[in-house]
Amino acid sequence: MSTGGRICCVCHKPLGEEVQTLGGRLYCPEHYARVTAGHRGLWTSGLVEIGGVVGVSALVALLAWLIKPRFSAPVLIGIGIVLAIVPGVLWMVFFYRQDRLEPEPKTYVIAVFVLGMLLCNALAIPIVEKLFRVRDWLPTNTLTHIVGAILVVGVVQEFLKYVAVRYSVYMTPEFDERIDGIIYASAAGLGFATVLNVHYVIDNGGVDLYTGVLQMAVTALAQASFAGITGYFLGRAKFEVEPVWWQALGVTLAAILNGLFYWASSVITQVGLGVNPWWGVLLAIVVAVTSVVTVRFLMRRANQITLSGTDANQTSAAGS
């Protein structure tokens with residue numbers, strides 16, 4: 001039977017008699033297996049990352065509450081900047097321990113992380129804070145706060161995270177699994193979180209080692225979680241034939257959740273005339289765990305549908 005000039009959509013090598021399809025696209029056996037792999041260790045590392053960020057932040061906050069250290073502003077700024085990069089470092093460590101990427105893709109992960117930082121600093125923060133000046137009008141009333149948070153904060157942040165992946169590693173051969181969308185988008189999200197936390201530290205002349213470190217943990221968990229949702233849609237779009245609005249739907253959903261979280265976290269942390277940052281941490285944990293579990297469920301479901309033979313008719317058509 002002639003192969004008819006068919007090639008794998010990932011490695012672009014000619015296909016022999018054995019042809020696998022997914023979403024109407026042709027794969028060699030190797031890359032079909034990779035695209036439909038479960039990657040249980042990756043999901044475990046995601047949950048460990050959540051626990052690690054919360055654990056480190058809670059420990060620092062508890063020690064600060066007990067010891068009540070007194071540092072100068074420059075020292076607090078230095079400590080705050082170090083703490084701002086901790087979530088990204090933890091994510092890299094836990095992720096690499098799963099041994100899911102080869103050396104070259106690791107450089108791509110770091111590159112997307114850095115690109116997320118650059119886009120956040122160069123575009124996201126100036127657009128949200130200086131162009132739209134959201135702090136001046138968002139708290140006007142509840143409706144304004146919710147709608148503004150979604151249309152400005154959510155849309156700007158999530159679209160730029162999407163850009164960080166879609167117009168970089170997404171277009172390279174290293175993006176060769178559906179799960180890669182979540183991996184790289186999460187890296188972009190943590191790049192955003194790092195810059196947002198550094199600005200938080202500098203704008204406040206240092207960081208309160210109790211409330212400040214918890215706020216930075218909230219930012220890291222939220223930014224990575226919403227980016228992971230966009231990444232799921234990107235991964236599906238790369239390896240399956242989806243409608244033209246599919247990727248836009250992913251960004252829109254992430255933006256809505258981002259905006260709602262932005263509003264909710266500002267509301268629930270207010271207790272009387274004081275601030276209770278632990279409610280924000282709890283909300284962030286719920287959001288992060290829910291996102292990981294939901295995306296894992298969707299990915300497993302997609303794999304099960306594929307492996308159960310839903311695309312069998314497409315395979316037969318490809319072989320005819």
# chains A, B, ... in the order shown; residues from 1 in each chain; ligands from 1
>>> residues_around(residues="segment 165-169 of chain A", least_positions_apart="2", cutoff="12 Å", atoms="only C-alpha atoms", output="MDAnalysis selection string")
chainID A and resid 104:116 119 158:163 171:177 180:189 191 227:228 230:235 237:238 247:248 251
>>> write_last_selection(atoms="C-alpha atoms", output="short mmCIF file (atom, residue, chain, number, x, y, z; two decimals), in the first residue's frame")
data_model
loop_
_atom_site.label_atom_id
_atom_site.label_comp_id
_atom_site.auth_asym_id
_atom_site.auth_seq_id
_atom_site.Cartn_x
_atom_site.Cartn_y
_atom_site.Cartn_z
CA GLU A 104 17.30 21.29 24.92
CA PRO A 105 13.61 21.71 25.80
CA LYS A 106 14.69 22.85 29.27
CA THR A 107 16.26 25.87 27.65
CA TYR A 108 12.96 26.52 25.88
CA VAL A 109 11.11 26.42 29.20
CA ILE A 110 13.51 28.96 30.68
CA ALA A 111 13.28 31.09 27.54
CA VAL A 112 9.48 31.22 27.74
CA PHE A 113 9.74 32.04 31.46
CA VAL A 114 12.02 34.97 30.64
CA LEU A 115 9.79 36.05 27.75
CA GLY A 116 6.85 36.10 30.14
CA LEU A 119 6.17 40.97 28.30
CA GLU A 158 -3.76 36.29 29.68
CA PHE A 159 -3.40 37.50 26.09
CA LEU A 160 0.27 38.33 26.66
CA LYS A 161 0.91 34.93 28.26
CA TYR A 162 -0.69 33.40 25.18
CA VAL A 163 1.59 35.50 22.96
CA MET A 171 6.12 27.28 16.25
CA THR A 172 9.16 25.04 16.84
CA PRO A 173 9.59 21.23 16.61
CA GLU A 174 10.16 21.13 20.38
CA PHE A 175 6.45 21.74 20.92
CA ASP A 176 5.63 18.13 20.10
CA GLU A 177 3.07 17.04 22.71
CA ASP A 180 3.61 21.08 26.15
CA GLY A 181 0.99 23.80 25.98
CA ILE A 182 0.44 23.55 29.73
CA ILE A 183 4.17 23.29 30.47
CA TYR A 184 5.20 26.35 28.50
CA ALA A 185 2.17 28.46 29.40
CA SER A 186 2.76 27.78 33.10
CA ALA A 187 6.35 28.92 32.65
CA ALA A 188 5.11 32.16 31.06
CA GLY A 189 2.63 32.60 33.92
CA GLY A 191 7.45 34.75 34.57
CA ALA A 227 -1.86 30.35 32.11
CA GLY A 228 -2.16 26.57 32.36
CA THR A 230 -4.68 28.75 28.08
CA GLY A 231 -1.92 26.18 27.61
CA TYR A 232 -4.46 23.36 27.48
CA PHE A 233 -6.25 25.05 24.60
CA LEU A 234 -2.93 25.73 22.84
CA GLY A 235 -1.87 22.10 23.14
CA ALA A 237 -5.00 23.39 18.86
CA LYS A 238 -1.48 22.35 17.85
CA GLN A 247 -7.56 29.44 21.03
CA ALA A 248 -9.53 32.64 21.56
CA VAL A 251 -7.66 33.06 26.39
#
>>> residues_around(residues="Val152 of chain A", least_positions_apart="6", cutoff="12 Å", atoms="only C-alpha atoms", output="tab-separated table (two decimals) with N, CA and C atoms, in the first residue's frame")
chain	number	residue	atom	x	y	z
A	124	ALA	N	2.38	44.49	30.00
A	124	ALA	CA	1.24	44.25	30.90
A	124	ALA	C	1.12	45.31	31.99
A	125	ILE	N	2.19	45.55	32.71
A	125	ILE	CA	2.13	46.51	33.81
A	125	ILE	C	1.88	47.93	33.31
A	126	PRO	N	2.60	48.41	32.28
A	126	PRO	CA	2.31	49.76	31.77
A	126	PRO	C	0.88	49.91	31.26
A	127	ILE	N	0.35	48.89	30.57
A	127	ILE	CA	-1.01	49.00	30.03
A	127	ILE	C	-2.04	49.05	31.16
A	128	VAL	N	-1.90	48.16	32.13
A	128	VAL	CA	-2.88	48.08	33.21
A	128	VAL	C	-2.76	49.26	34.17
A	129	GLU	N	-1.53	49.57	34.58
A	129	GLU	CA	-1.33	50.58	35.62
A	129	GLU	C	-1.25	52.01	35.11
A	130	LYS	N	-0.66	52.21	33.92
A	130	LYS	CA	-0.45	53.57	33.44
A	130	LYS	C	-1.46	53.99	32.37
A	131	LEU	N	-1.77	53.08	31.45
A	131	LEU	CA	-2.73	53.43	30.40
A	131	LEU	C	-4.16	53.43	30.94
A	132	PHE	N	-4.56	52.34	31.57
A	132	PHE	CA	-5.93	52.25	32.10
A	132	PHE	C	-6.06	52.74	33.54
A	133	ARG	N	-4.94	52.83	34.26
A	133	ARG	CA	-4.94	53.34	35.64
A	133	ARG	C	-6.05	52.67	36.47
A	134	VAL	N	-6.05	51.36	36.50
A	134	VAL	CA	-7.15	50.61	37.12
A	134	VAL	C	-7.32	50.90	38.60
A	135	ARG	N	-6.25	51.23	39.29
A	135	ARG	CA	-6.36	51.47	40.73
A	135	ARG	C	-7.20	52.71	41.04
A	137	TRP	N	-10.04	53.60	39.44
A	137	TRP	CA	-11.47	53.46	39.22
A	137	TRP	C	-12.06	52.08	39.46
A	138	LEU	N	-11.24	51.05	39.54
A	138	LEU	CA	-11.79	49.71	39.74
A	138	LEU	C	-12.63	49.59	41.02
A	144	THR	N	-18.35	47.46	38.50
A	144	THR	CA	-17.20	48.05	37.82
A	144	THR	C	-15.93	47.26	38.12
A	145	HIS	N	-15.79	46.85	39.36
A	145	HIS	CA	-14.60	46.10	39.77
A	145	HIS	C	-14.50	44.77	39.01
A	146	ILE	N	-15.60	44.05	38.93
A	146	ILE	CA	-15.60	42.74	38.27
A	146	ILE	C	-15.37	42.88	36.76
A	158	GLU	N	-3.64	37.61	30.30
A	158	GLU	CA	-3.76	36.29	29.68
A	158	GLU	C	-3.43	36.32	28.19
A	159	PHE	N	-3.75	37.41	27.51
A	159	PHE	CA	-3.40	37.50	26.09
A	159	PHE	C	-1.88	37.52	25.92
A	252	THR	N	-9.99	33.72	26.52
A	252	THR	CA	-11.16	34.37	27.12
A	252	THR	C	-11.52	33.72	28.45
A	255	ALA	N	-8.98	34.70	30.99
A	255	ALA	CA	-9.14	36.11	31.36
A	255	ALA	C	-10.30	36.32	32.32
A	256	ILE	N	-11.40	35.61	32.08
A	256	ILE	CA	-12.57	35.72	32.97
A	256	ILE	C	-12.21	35.22	34.36
A	258	ASN	N	-9.23	34.98	35.67
A	258	ASN	CA	-8.23	35.91	36.21
A	258	ASN	C	-8.92	37.13	36.82
A	259	GLY	N	-9.83	37.72	36.06
A	259	GLY	CA	-10.52	38.91	36.54
A	259	GLY	C	-11.37	38.63	37.77
A	260	LEU	N	-12.09	37.50	37.77
A	260	LEU	CA	-12.90	37.15	38.93
A	260	LEU	C	-12.03	36.91	40.16
A	262	TYR	N	-9.07	38.27	40.66
A	262	TYR	CA	-8.54	39.58	41.04
A	262	TYR	C	-9.53	40.31	41.94
>>> closest_residue(among="A:Leu257, A:Ala149, A:Ala58, A:Cys8", to="Pro29 of chain A", atoms="only C-alpha atoms")
A:Cys8
>>> residues_around(residues="Gln20 of chain A", least_positions_apart="4", cutoff="7 Å", atoms="only C-alpha atoms", output="PyMOL selection string")
chain A and resi 26-29+32+315
>>> closest_residue(among="A:Thr21, A:Leu283, A:Gly154, A:Lys13", to="Phe239 of chain A", atoms="only C-alpha atoms")
A:Thr21
>>> select_by_dssp(residues="segment 196-234 of chain A", states="alpha helix (DSSP H)", output="ChimeraX atom specification")
/A:196-203,211-234
>>> write_last_selection(atoms="C-alpha atoms", output="PDB file, in the first residue's frame")
ATOM      1  CA  LEU A 196       4.499  41.375  39.385  1.00  0.00           C
ATOM      2  CA  ASN A 197       5.967  40.349  42.730  1.00  0.00           C
ATOM      3  CA  VAL A 198       9.195  42.285  42.166  1.00  0.00           C
ATOM      4  CA  HIS A 199       7.155  45.401  41.347  1.00  0.00           C
ATOM      5  CA  TYR A 200       5.040  44.778  44.443  1.00  0.00           C
ATOM      6  CA  VAL A 201       8.198  44.714  46.558  1.00  0.00           C
ATOM      7  CA  ILE A 202       9.730  47.831  45.011  1.00  0.00           C
ATOM      8  CA  ASP A 203       6.493  49.843  44.984  1.00  0.00           C
ATOM      9  CA  THR A 211       1.421  39.827  54.667  1.00  0.00           C
ATOM     10  CA  GLY A 212       3.744  40.529  51.762  1.00  0.00           C
ATOM     11  CA  VAL A 213       5.161  37.047  51.353  1.00  0.00           C
ATOM     12  CA  LEU A 214       1.676  35.535  51.423  1.00  0.00           C
ATOM     13  CA  GLN A 215       0.498  37.984  48.781  1.00  0.00           C
ATOM     14  CA  MET A 216       3.388  36.955  46.536  1.00  0.00           C
ATOM     15  CA  ALA A 217       2.445  33.292  46.939  1.00  0.00           C
ATOM     16  CA  VAL A 218      -1.108  34.136  45.888  1.00  0.00           C
ATOM     17  CA  THR A 219       0.163  35.926  42.777  1.00  0.00           C
ATOM     18  CA  ALA A 220       2.389  33.027  41.748  1.00  0.00           C
ATOM     19  CA  LEU A 221      -0.288  30.368  42.138  1.00  0.00           C
ATOM     20  CA  ALA A 222      -2.939  32.415  40.340  1.00  0.00           C
ATOM     21  CA  GLN A 223      -0.799  33.487  37.384  1.00  0.00           C
ATOM     22  CA  ALA A 224       0.482  29.963  36.722  1.00  0.00           C
ATOM     23  CA  SER A 225      -2.986  28.426  37.087  1.00  0.00           C
ATOM     24  CA  PHE A 226      -4.729  30.677  34.588  1.00  0.00           C
ATOM     25  CA  ALA A 227      -1.863  30.350  32.113  1.00  0.00           C
ATOM     26  CA  GLY A 228      -2.164  26.569  32.361  1.00  0.00           C
ATOM     27  CA  ILE A 229      -5.768  26.810  31.156  1.00  0.00           C
ATOM     28  CA  THR A 230      -4.678  28.749  28.085  1.00  0.00           C
ATOM     29  CA  GLY A 231      -1.925  26.180  27.605  1.00  0.00           C
ATOM     30  CA  TYR A 232      -4.458  23.358  27.479  1.00  0.00           C
ATOM     31  CA  PHE A 233      -6.251  25.046  24.596  1.00  0.00           C
ATOM     32  CA  LEU A 234      -2.933  25.731  22.835  1.00  0.00           C
TER      33      LEU A 234
END
>>> select_by_dssp(residues="segment 117-314 of chain A", states="strand (DSSP E or B)", output="list in words")
Gln270, Val271, Gly274 and Val275 of chain A
>>> write_last_selection(atoms="C-alpha atoms", output="PDB file, in the first residue's frame")
ATOM      1  CA  GLN A 270     -10.584  42.504  53.900  1.00  0.00           C
ATOM      2  CA  VAL A 271     -11.684  41.768  57.464  1.00  0.00           C
ATOM      3  CA  GLY A 274      -7.669  45.088  58.726  1.00  0.00           C
ATOM      4  CA  VAL A 275      -6.366  42.611  56.198  1.00  0.00           C
TER       5      VAL A 275
END
>>> closest_residue(among="A:Trp65, A:Thr194, A:Gly80, A:Trp263", to="Gly148 of chain A", atoms="only C-alpha atoms")
A:Trp263
